[in-house]
Amino acid sequence: MDYDSFLADVQQCGRFGSREETAFVTATVLRAVAEVLPMAHVESFAANVPHELMVYLRGAHQKPDPYFDSNLFLGWVLATVDVTGGRDKTEGGLDLFVAYSADEAIDRCRCVFGVLKSALDDDQSELISIHLPDTIQQIYAES
Amino acid sequence: MVTRLDAKMFDSEAENTWCPGCGDFAILRSLKMALTDLDIAPHEALVVSGIGCGSKLPDYMHVNGYMTMHGRPLPVATGAKLANPDLQVIVVDGDGDAYGIGGNHFLHSCRRNPNITHIVEDNQIYGLTKGQYSPTSDLGFVTTTSPDGAIERSLLPVAVAIAAGATFIARTFAGDPRHMAAVIAEAIKHQGYSLVDVLQPCVTFNRVNTYDWYRQRVYKLEDDYDPTDLDAARARAYEWADRIPLGVIYRNDEVQTYEEQVLPLKAGSPLASTLKLQAEPAPGQYEPLKEQFL
Amino acid sequence: MIVEMAPQSTNDLSIMIGGDAGQGVESSGAGFALALARAGLHVFALQDYRSRIRGGHNFYQVRVGERPLYSHRDPVELLLALTPQSIPLHLHNMQEGAAVIFPQKWEDVDVSHLTKHGLKVDRLPLMEIAERHGSRLMLNTAVLAAASALTGFPLKYMEQVIRENFGRKSEELADTNAAVAQEAYDVTLDHFGDSFPHRIKPIEGAPKRMLMHGNEAIAFGALAGGCRFISAYPMTPATSIIEWLSAVPDDYGMVTKHAEDEIAAVCMALGASYTGARAMTATSGGGFSLMVEAMGLSGMTEVPLVIVEAQRGGPSTGLPTRTEQSDLLFMVHASQGEFPRIITAPGTIEQCFEAGWRAFNLADKYQCPVVVATDQALAANLRSLDMDTVDPEAVEIDRGATLTPDDVDTLSEEYRRFRFSDDGISPRAMPGRETAVLTVPSDEHDEHGHINEEPEVRIRMMQKRMQKLKTAEAEIKPPLLYGPEDADLTLVTWGSTTGNCLDAADEINAAGGSANVLQFIDIWPMPVDPVRHALDRCRRKVAVEQNYTGQLALLIRMTTGVAMDDVLTKYDGRPFSPREIIEGVGMEVASGNKA
């Protein structure tokens, strides 16, 4: 799968307004994956993952932090959920953005994971999956 | 390390209201791990917090806690430490607490050197009030109270702490929980005031200083870096923006703690004295004091 | 210097010492007061100083008597002038026939002017004596000795005090000053003999008496009550509380912390109190303003807190070294939200000692902030006290439902820090044992101390906290009545003004009038029924207060619906003299603002 069709599939899934936003979301999810994927495994994906995206996976560490959990993973992706700063109209109460941002981040993970899975063979996909933190692993499985 | 503790001992049943993905989760977890590794049980520690998202931490942890006011956990912690030095006292607050409204307490805690660990959840923004610029926000940072970009230069907490005489200064990153737990444990072990400035993205209200932003800039101090070298520490203290050092930037183990120098404490802690008098009042001891009024 | 054959008296006079700041006015005045107390006399001493280390006129006023004295008395019978300027400054406050002692060297003193005021003036070579012995700084020693000679007060009392004061610096200095004193005494005696009509005569065999001010009494009381932690930030007139406690020998284990500001001070006290120690802070109105938020933290987290608020003239920097009672309503209402608090306002030194330890019992029992409200006059003015009036044996340490670590070990059920109870009080554990790990949040919380905003939890928690105030009412002191029950006039008052009112009522009664004094000690919660009962029996009720608006009168009216007949106020920073009160209530209450 080439880069363009990878992005096109993600954009369609997430209904993103622009290719730029799609590229940003994709890059961020893969950067988060790189936080948990040991460096030694990265090159095994080179054959199936577009080289434009391999750049992000190559940010992986020799020994990933074993305590990197689902919340941290989501934290990376949440940064892609765009908000324009506005004055506080909720008087400090329930913030709708906060309430829905995690769902949105999960949806974004799903879109990128779904396209990624379709590009990988089963063994490669399993290799990604086992390194993901538990809740993210579940999302990956459902993607 | 084998300890009698399990990190689960610190779990609390309180409902967590942090945003999903918040760096505070990692800080909470790292603190639990550090205490477990150091064999400090929930009843032996006291976690004092300020006001802000991260300051709800004591509620999310089974441990003695005092959730205080905005900017004031350091003096509350200092009072507790002086009254009962047996407690392992840890302060958890934010950049607004520590470097803004509580700046005076920060400065004086540095030079005072009580045996307190100070973990600052530094997300460069006011998250609880939904996104206003903080003392550590970078120049030009656009928020609801700085719509044209912040025109104040940001505070460099590590440099300030060195200048104010802190005896242990470290920085870590919430995206590296293992590093964070190790640094926090090191800070707790330090005898004296220890500052742990935690780079912690606010995933909701800070769209600039994200995990990715920090990941591209942080680096771990080299193995041969000597944190007791004051000049080296000063140089690293000013590194910000492009390269941000993580690890123990400065330490001085030669300075006595404040409590060690308080002479009346040698007669017993205020708590011990109060308990003793409560059990057995000794009014006779005060008679000699009346002589000075004659 | 004078002599006028005015009324004679023995052991009943007021002496004023006036001079520049830095000239030793305070040490001279305190020394004189101590010498008199050691001679078996009762003393009341008032200092008046400006907020400057050097420069500016200061004075010290010492009143002597044979019965306990509760206030100063104007006008004075003797002025000891350390500067020429102090003579015209105090001329209006000199009794007919009063004496002025000053060095003959001062050529520019207008003797004829003094004579016109009924003062005959002679000059004494006091400055020459001081200079001959090495320094004009010893003028105050010479003046004190001259005062001894003039009043017939044996020099040995004064000499002992002088030796103690200077002996701390060097023996040589003590000897020189003693020599100056002897010479000045002899010169004065040669000149006047026993012609001065107001005499001071030691009372042989009188019991030993202490000389103490309100701050010292509170600090002493706190220590005796088991307080072992104070954190404070220096602020006149409260500073001597932490100073006195800091000077307590180390083996008492009294930990004192001069904090970086008042916010830190009150927070440190809260932190110490949270661990289970008895802890306090002390300040004046400006510092209290900064402590207000933490007062609410104490209320919400139910951590006991004792704050001493020694009031001074406000607003803002105001009259930094002068007295006022203008923070009462502020103390009652300070901090956002509603929570129980207790305000106790001692009016005498004895009451200060009691308030010092009782405040901790109240704070522990009701787990709330307790403010000990005093004022500059009470905080700083010295009074002679019989030894047994400050009695550590009488101190009770009652910690209410405070669980010690041993209590916690034997808990039969899961510990809940904020457990609901009928009296509103939840047993308070000290942290450190496995069986009671406790978190106290400044947010609203449930019984376990977890943050909770549910309406039913909020309502029950508010009711629980506020119930403590109702529970506390059982031991709130009703107002104290002094003097004849059926008097025509009742002076309703609080704080240091109590002493001025007591002396005023005595004078009124001695002159054939009929007055009593109703002193409010525990001001919040207002003991409504006893107050109504007490006020119902009064004929003419006049509130006497050192503020502009008559705050006690307003508070009484707010809580009981009972209005005063008149309000006599004073807000120039100087304490009422009994004469001012007598004139104030006698003449239609000239400056009265109706409450």
# chains A, B, ... in the order shown; residues from 1 in each chain; ligands from 1
$ closest_atom_pairs --of "chain B" --to "chain C" --cutoff "8 Å" --atoms "only C-alpha atoms" --output "CSV"
residue,atom,partner,partner_atom,distance
B:Ala14,CA,C:His450,CA,6.2
B:Pro42,CA,C:Val437,CA,7.1
B:His43,CA,C:Gly432,CA,5.0
B:Glu44,CA,C:Gly432,CA,5.4
B:Ala45,CA,C:Gly432,CA,7.8
B:Pro58,CA,C:Thr439,CA,7.0
B:Asp59,CA,C:His450,CA,5.9
B:His62,CA,C:Val437,CA,7.3
B:Val63,CA,C:Val437,CA,5.9
B:Asn64,CA,C:Leu438,CA,4.8
B:Gly65,CA,C:Thr439,CA,4.1
B:Tyr66,CA,C:Val440,CA,5.0
B:Met67,CA,C:Pro441,CA,4.5
B:Thr68,CA,C:Ser442,CA,5.6
B:Met69,CA,C:Ser442,CA,7.0
B:Arg72,CA,C:Cys267,CA,7.0
B:Pro73,CA,C:Cys267,CA,8.0
B:Pro75,CA,C:Met268,CA,4.9
B:Val76,CA,C:Gly271,CA,4.2
B:Ala77,CA,C:Gly271,CA,5.8
B:Thr78,CA,C:Met268,CA,6.0
B:Gly79,CA,C:Met268,CA,3.9
B:Ala80,CA,C:Ala272,CA,4.2
B:Lys81,CA,C:Ala272,CA,7.4
B:Leu82,CA,C:Ala272,CA,6.9
B:Ala83,CA,C:Ala272,CA,4.9
B:Asn84,CA,C:Thr275,CA,6.5
B:Leu87,CA,C:Gly432,CA,7.1
B:Asn104,CA,C:Glu260,CA,7.4
B:His105,CA,C:Ala264,CA,7.1
B:His108,CA,C:Glu260,CA,6.9
B:Val262,CA,C:Val255,CA,7.5
B:Leu263,CA,C:Asp250,CA,6.2
B:Pro264,CA,C:Gly253,CA,4.3
B:Leu265,CA,C:Gly253,CA,5.8
B:Lys266,CA,C:Gly253,CA,7.3
B:Ala267,CA,C:Gly253,CA,5.0
B:Gly268,CA,C:Gly253,CA,6.1
B:Ser269,CA,C:Gly253,CA,6.9
B:Pro270,CA,C:Arg228,CA,4.9
B:Leu271,CA,C:Ala277,CA,4.2
B:Ala272,CA,C:Ala277,CA,7.6
B:Ser273,CA,C:Arg228,CA,6.9
B:Thr274,CA,C:Gly226,CA,5.5
B:Leu275,CA,C:Thr404,CA,7.4
B:Leu277,CA,C:Gly226,CA,6.2
B:Gln278,CA,C:Ile397,CA,6.1
B:Pro281,CA,C:Ile397,CA,7.5
B:Pro283,CA,C:Pro392,CA,5.1
B:Gly284,CA,C:Glu393,CA,7.4
B:Tyr286,CA,C:Pro392,CA,6.7
B:Glu287,CA,C:Pro392,CA,7.6
B:Leu289,CA,C:Val248,CA,8.0
B:Lys290,CA,C:Met210,CA,7.5
B:Phe293,CA,C:Met210,CA,4.8
B:Leu294,CA,C:Met210,CA,4.8
$ residues_around --residues "stretch 12-20 of chain A" --least-positions-apart "5" --cutoff "10 Å" --atoms "only C-alpha atoms" --output "compact mmCIF listing (two decimals) with N, CA, C and O atoms, in the first residue's frame"
# COMPACT_ATOMS: atom_id res chain seq x y z
N ASP A 4 -0.28 7.52 -0.28
CA ASP A 4 -1.51 8.22 -0.65
C ASP A 4 -2.75 7.40 -0.33
O ASP A 4 -3.72 7.91 0.23
N LEU A 7 -3.33 7.17 3.43
CA LEU A 7 -3.96 8.38 3.98
C LEU A 7 -5.42 8.48 3.54
O LEU A 7 -6.30 8.86 4.32
N VAL A 25 -2.82 13.07 12.06
CA VAL A 25 -3.39 12.03 12.92
C VAL A 25 -2.62 10.73 12.74
O VAL A 25 -2.23 10.06 13.70
N THR A 26 -2.37 10.38 11.49
CA THR A 26 -1.67 9.13 11.19
C THR A 26 -0.28 9.13 11.81
O THR A 26 0.14 8.17 12.48
N GLU A 104 -13.21 10.48 20.72
CA GLU A 104 -12.69 10.92 19.43
C GLU A 104 -11.28 10.35 19.20
O GLU A 104 -10.97 9.87 18.12
N ASP A 107 -11.54 6.76 18.33
CA ASP A 107 -11.95 6.61 16.93
C ASP A 107 -10.78 6.82 15.99
O ASP A 107 -10.63 6.11 14.98
N ARG A 108 -9.96 7.78 16.30
CA ARG A 108 -8.82 8.07 15.44
C ARG A 108 -7.82 6.93 15.45
O ARG A 108 -7.27 6.55 14.41
N CYS A 109 -7.60 6.38 16.65
CA CYS A 109 -6.72 5.20 16.72
C CYS A 109 -7.30 4.09 15.85
O CYS A 109 -6.57 3.43 15.08
N ARG A 110 -8.60 3.88 15.97
CA ARG A 110 -9.27 2.81 15.22
C ARG A 110 -9.02 2.96 13.71
O ARG A 110 -8.71 1.98 13.04
N CYS A 111 -9.18 4.19 13.20
CA CYS A 111 -9.02 4.42 11.77
C CYS A 111 -7.60 4.09 11.32
O CYS A 111 -7.39 3.39 10.32
N VAL A 112 -6.62 4.60 12.09
CA VAL A 112 -5.23 4.36 11.68
C VAL A 112 -4.90 2.88 11.84
O VAL A 112 -4.29 2.27 10.95
N GLY A 114 -6.93 0.36 11.70
CA GLY A 114 -7.64 -0.42 10.69
C GLY A 114 -6.87 -0.45 9.37
O GLY A 114 -6.66 -1.52 8.78
N VAL A 115 -6.41 0.71 8.94
CA VAL A 115 -5.69 0.79 7.68
C VAL A 115 -4.33 0.09 7.82
O VAL A 115 -3.90 -0.63 6.92
$ select_by_dssp --residues "stretch 57-106 of chain B" --states "strand (DSSP E)" --output "number ranges by chain"
B: 64-67, 88-94
$ residues_around --residues "A:Asp2" --least-positions-apart "3" --cutoff "7 Å" --atoms "only C-alpha atoms" --output "ChimeraX atom specification"
/A:5-6,50
$ closest_atom_pairs --of "stretch 194-248 of chain B" --to "stretch 55-60 of chain A" --cutoff "12 Å" --atoms "only C-alpha atoms" --output "CSV"
residue,atom,partner,partner_atom,distance
B:Asp212,CA,A:Gly59,CA,10.8
B:Arg215,CA,A:Gly59,CA,9.6
B:Gln216,CA,A:Gly59,CA,9.7
$ residues_around --residues "stretch 257-260 of chain B" --least-positions-apart "2" --cutoff "7 Å" --atoms "only C-alpha atoms" --output "VMD selection string"
chain B and resid 82 112 to 115 191 to 192 255 262
$ decode --residues "stretch 322-351 of chain C" --atoms "N, CA, C and O atoms" --output "mmCIF file, in the first residue's frame"
data_model
loop_
_atom_site.group_PDB
_atom_site.id
_atom_site.type_symbol
_atom_site.label_atom_id
_atom_site.label_comp_id
_atom_site.auth_asym_id
_atom_site.auth_seq_id
_atom_site.Cartn_x
_atom_site.Cartn_y
_atom_site.Cartn_z
ATOM 1 N N ARG C 322 -0.391 51.380 67.385
ATOM 2 C CA ARG C 322 -1.431 51.890 68.290
ATOM 3 C C ARG C 322 -2.613 50.941 68.357
ATOM 4 O O ARG C 322 -2.744 50.025 67.581
ATOM 5 N N THR C 323 -3.480 51.221 69.304
ATOM 6 C CA THR C 323 -4.518 50.244 69.596
ATOM 7 C C THR C 323 -5.827 50.541 68.893
ATOM 8 O O THR C 323 -6.150 51.706 68.598
ATOM 9 N N GLU C 324 -6.573 49.506 68.593
ATOM 10 C CA GLU C 324 -7.900 49.644 68.020
ATOM 11 C C GLU C 324 -8.612 48.300 68.149
ATOM 12 O O GLU C 324 -7.969 47.261 68.332
ATOM 13 N N GLN C 325 -9.938 48.337 68.067
ATOM 14 C CA GLN C 325 -10.731 47.103 68.139
ATOM 15 C C GLN C 325 -11.656 47.070 66.928
ATOM 16 O O GLN C 325 -12.850 46.894 67.060
ATOM 17 N N SER C 326 -11.050 47.236 65.756
ATOM 18 C CA SER C 326 -11.873 47.437 64.571
ATOM 19 C C SER C 326 -11.922 46.229 63.649
ATOM 20 O O SER C 326 -12.423 46.313 62.543
ATOM 21 N N ASP C 327 -11.400 45.081 64.109
ATOM 22 C CA ASP C 327 -11.420 43.884 63.252
ATOM 23 C C ASP C 327 -12.475 42.867 63.687
ATOM 24 O O ASP C 327 -12.499 41.747 63.179
ATOM 25 N N LEU C 328 -13.324 43.254 64.628
ATOM 26 C CA LEU C 328 -14.236 42.255 65.199
ATOM 27 C C LEU C 328 -15.172 41.650 64.157
ATOM 28 O O LEU C 328 -15.253 40.428 64.020
ATOM 29 N N LEU C 329 -15.847 42.523 63.421
ATOM 30 C CA LEU C 329 -16.803 41.986 62.438
ATOM 31 C C LEU C 329 -16.067 41.249 61.321
ATOM 32 O O LEU C 329 -16.567 40.275 60.767
ATOM 33 N N PHE C 330 -14.868 41.715 61.012
ATOM 34 C CA PHE C 330 -14.031 41.040 60.016
ATOM 35 C C PHE C 330 -13.710 39.613 60.484
ATOM 36 O O PHE C 330 -13.832 38.653 59.728
ATOM 37 N N MET C 331 -13.338 39.476 61.742
ATOM 38 C CA MET C 331 -13.006 38.137 62.261
ATOM 39 C C MET C 331 -14.220 37.224 62.233
ATOM 40 O O MET C 331 -14.111 36.034 61.946
ATOM 41 N N VAL C 332 -15.372 37.804 62.528
ATOM 42 C CA VAL C 332 -16.600 37.004 62.552
ATOM 43 C C VAL C 332 -16.933 36.484 61.149
ATOM 44 O O VAL C 332 -17.446 35.385 60.991
ATOM 45 N N HIS C 333 -16.613 37.307 60.148
ATOM 46 C CA HIS C 333 -17.042 36.958 58.792
ATOM 47 C C HIS C 333 -15.906 36.519 57.869
ATOM 48 O O HIS C 333 -16.165 36.190 56.715
ATOM 49 N N ALA C 334 -14.674 36.537 58.363
ATOM 50 C CA ALA C 334 -13.528 36.306 57.474
ATOM 51 C C ALA C 334 -13.589 34.961 56.766
ATOM 52 O O ALA C 334 -13.965 33.959 57.357
ATOM 53 N N SER C 335 -13.225 34.953 55.512
ATOM 54 C CA SER C 335 -13.135 33.788 54.620
ATOM 55 C C SER C 335 -14.468 33.489 53.951
ATOM 56 O O SER C 335 -15.535 33.738 54.502
ATOM 57 N N GLN C 336 -14.339 32.954 52.738
ATOM 58 C CA GLN C 336 -15.537 32.657 51.948
ATOM 59 C C GLN C 336 -16.281 31.455 52.511
ATOM 60 O O GLN C 336 -15.683 30.577 53.130
ATOM 61 N N GLY C 337 -17.568 31.439 52.284
ATOM 62 C CA GLY C 337 -18.368 30.298 52.707
ATOM 63 C C GLY C 337 -18.710 30.365 54.191
ATOM 64 O O GLY C 337 -18.349 31.303 54.893
ATOM 65 N N GLU C 338 -19.444 29.349 54.628
ATOM 66 C CA GLU C 338 -19.884 29.308 56.019
ATOM 67 C C GLU C 338 -19.269 28.102 56.725
ATOM 68 O O GLU C 338 -19.318 26.997 56.207
ATOM 69 N N PHE C 339 -18.700 28.349 57.869
ATOM 70 C CA PHE C 339 -18.098 27.251 58.639
ATOM 71 C C PHE C 339 -18.026 27.704 60.092
ATOM 72 O O PHE C 339 -18.027 28.899 60.370
ATOM 73 N N PRO C 340 -17.959 26.769 61.015
ATOM 74 C CA PRO C 340 -17.897 27.162 62.410
ATOM 75 C C PRO C 340 -16.541 27.761 62.768
ATOM 76 O O PRO C 340 -15.512 27.315 62.242
ATOM 77 N N ARG C 341 -16.573 28.744 63.609
ATOM 78 C CA ARG C 341 -15.353 29.344 64.141
ATOM 79 C C ARG C 341 -15.674 29.808 65.553
ATOM 80 O O ARG C 341 -16.844 30.018 65.886
ATOM 81 N N ILE C 342 -14.655 29.976 66.353
ATOM 82 C CA ILE C 342 -14.852 30.477 67.704
ATOM 83 C C ILE C 342 -13.939 31.677 67.874
ATOM 84 O O ILE C 342 -12.769 31.638 67.474
ATOM 85 N N ILE C 343 -14.510 32.753 68.428
ATOM 86 C CA ILE C 343 -13.696 33.943 68.684
ATOM 87 C C ILE C 343 -13.778 34.258 70.162
ATOM 88 O O ILE C 343 -14.872 34.429 70.716
ATOM 89 N N THR C 344 -12.619 34.270 70.805
ATOM 90 C CA THR C 344 -12.592 34.597 72.218
ATOM 91 C C THR C 344 -11.722 35.831 72.396
ATOM 92 O O THR C 344 -10.682 35.965 71.751
ATOM 93 N N ALA C 345 -12.176 36.758 73.231
ATOM 94 C CA ALA C 345 -11.499 38.048 73.365
ATOM 95 C C ALA C 345 -11.185 38.324 74.831
ATOM 96 O O ALA C 345 -12.005 38.894 75.538
ATOM 97 N N PRO C 346 -10.012 37.909 75.287
ATOM 98 C CA PRO C 346 -9.648 38.208 76.665
ATOM 99 C C PRO C 346 -9.525 39.718 76.866
ATOM 100 O O PRO C 346 -9.218 40.442 75.910
ATOM 101 N N GLY C 347 -9.758 40.172 78.091
ATOM 102 C CA GLY C 347 -9.682 41.612 78.347
ATOM 103 C C GLY C 347 -8.638 41.967 79.395
ATOM 104 O O GLY C 347 -8.278 43.125 79.544
ATOM 105 N N THR C 348 -8.193 40.972 80.121
ATOM 106 C CA THR C 348 -7.170 41.220 81.145
ATOM 107 C C THR C 348 -6.015 40.251 80.904
ATOM 108 O O THR C 348 -6.142 39.281 80.160
ATOM 109 N N ILE C 349 -4.907 40.510 81.596
ATOM 110 C CA ILE C 349 -3.742 39.634 81.420
ATOM 111 C C ILE C 349 -4.087 38.212 81.891
ATOM 112 O O ILE C 349 -3.703 37.228 81.261
ATOM 113 N N GLU C 350 -4.820 38.120 83.000
ATOM 114 C CA GLU C 350 -5.210 36.789 83.511
ATOM 115 C C GLU C 350 -6.037 36.049 82.459
ATOM 116 O O GLU C 350 -5.858 34.858 82.227
ATOM 117 N N GLN C 351 -6.944 36.788 81.837
ATOM 118 C CA GLN C 351 -7.776 36.164 80.800
ATOM 119 C C GLN C 351 -6.939 35.787 79.578
ATOM 120 O O GLN C 351 -7.240 34.828 78.888
#
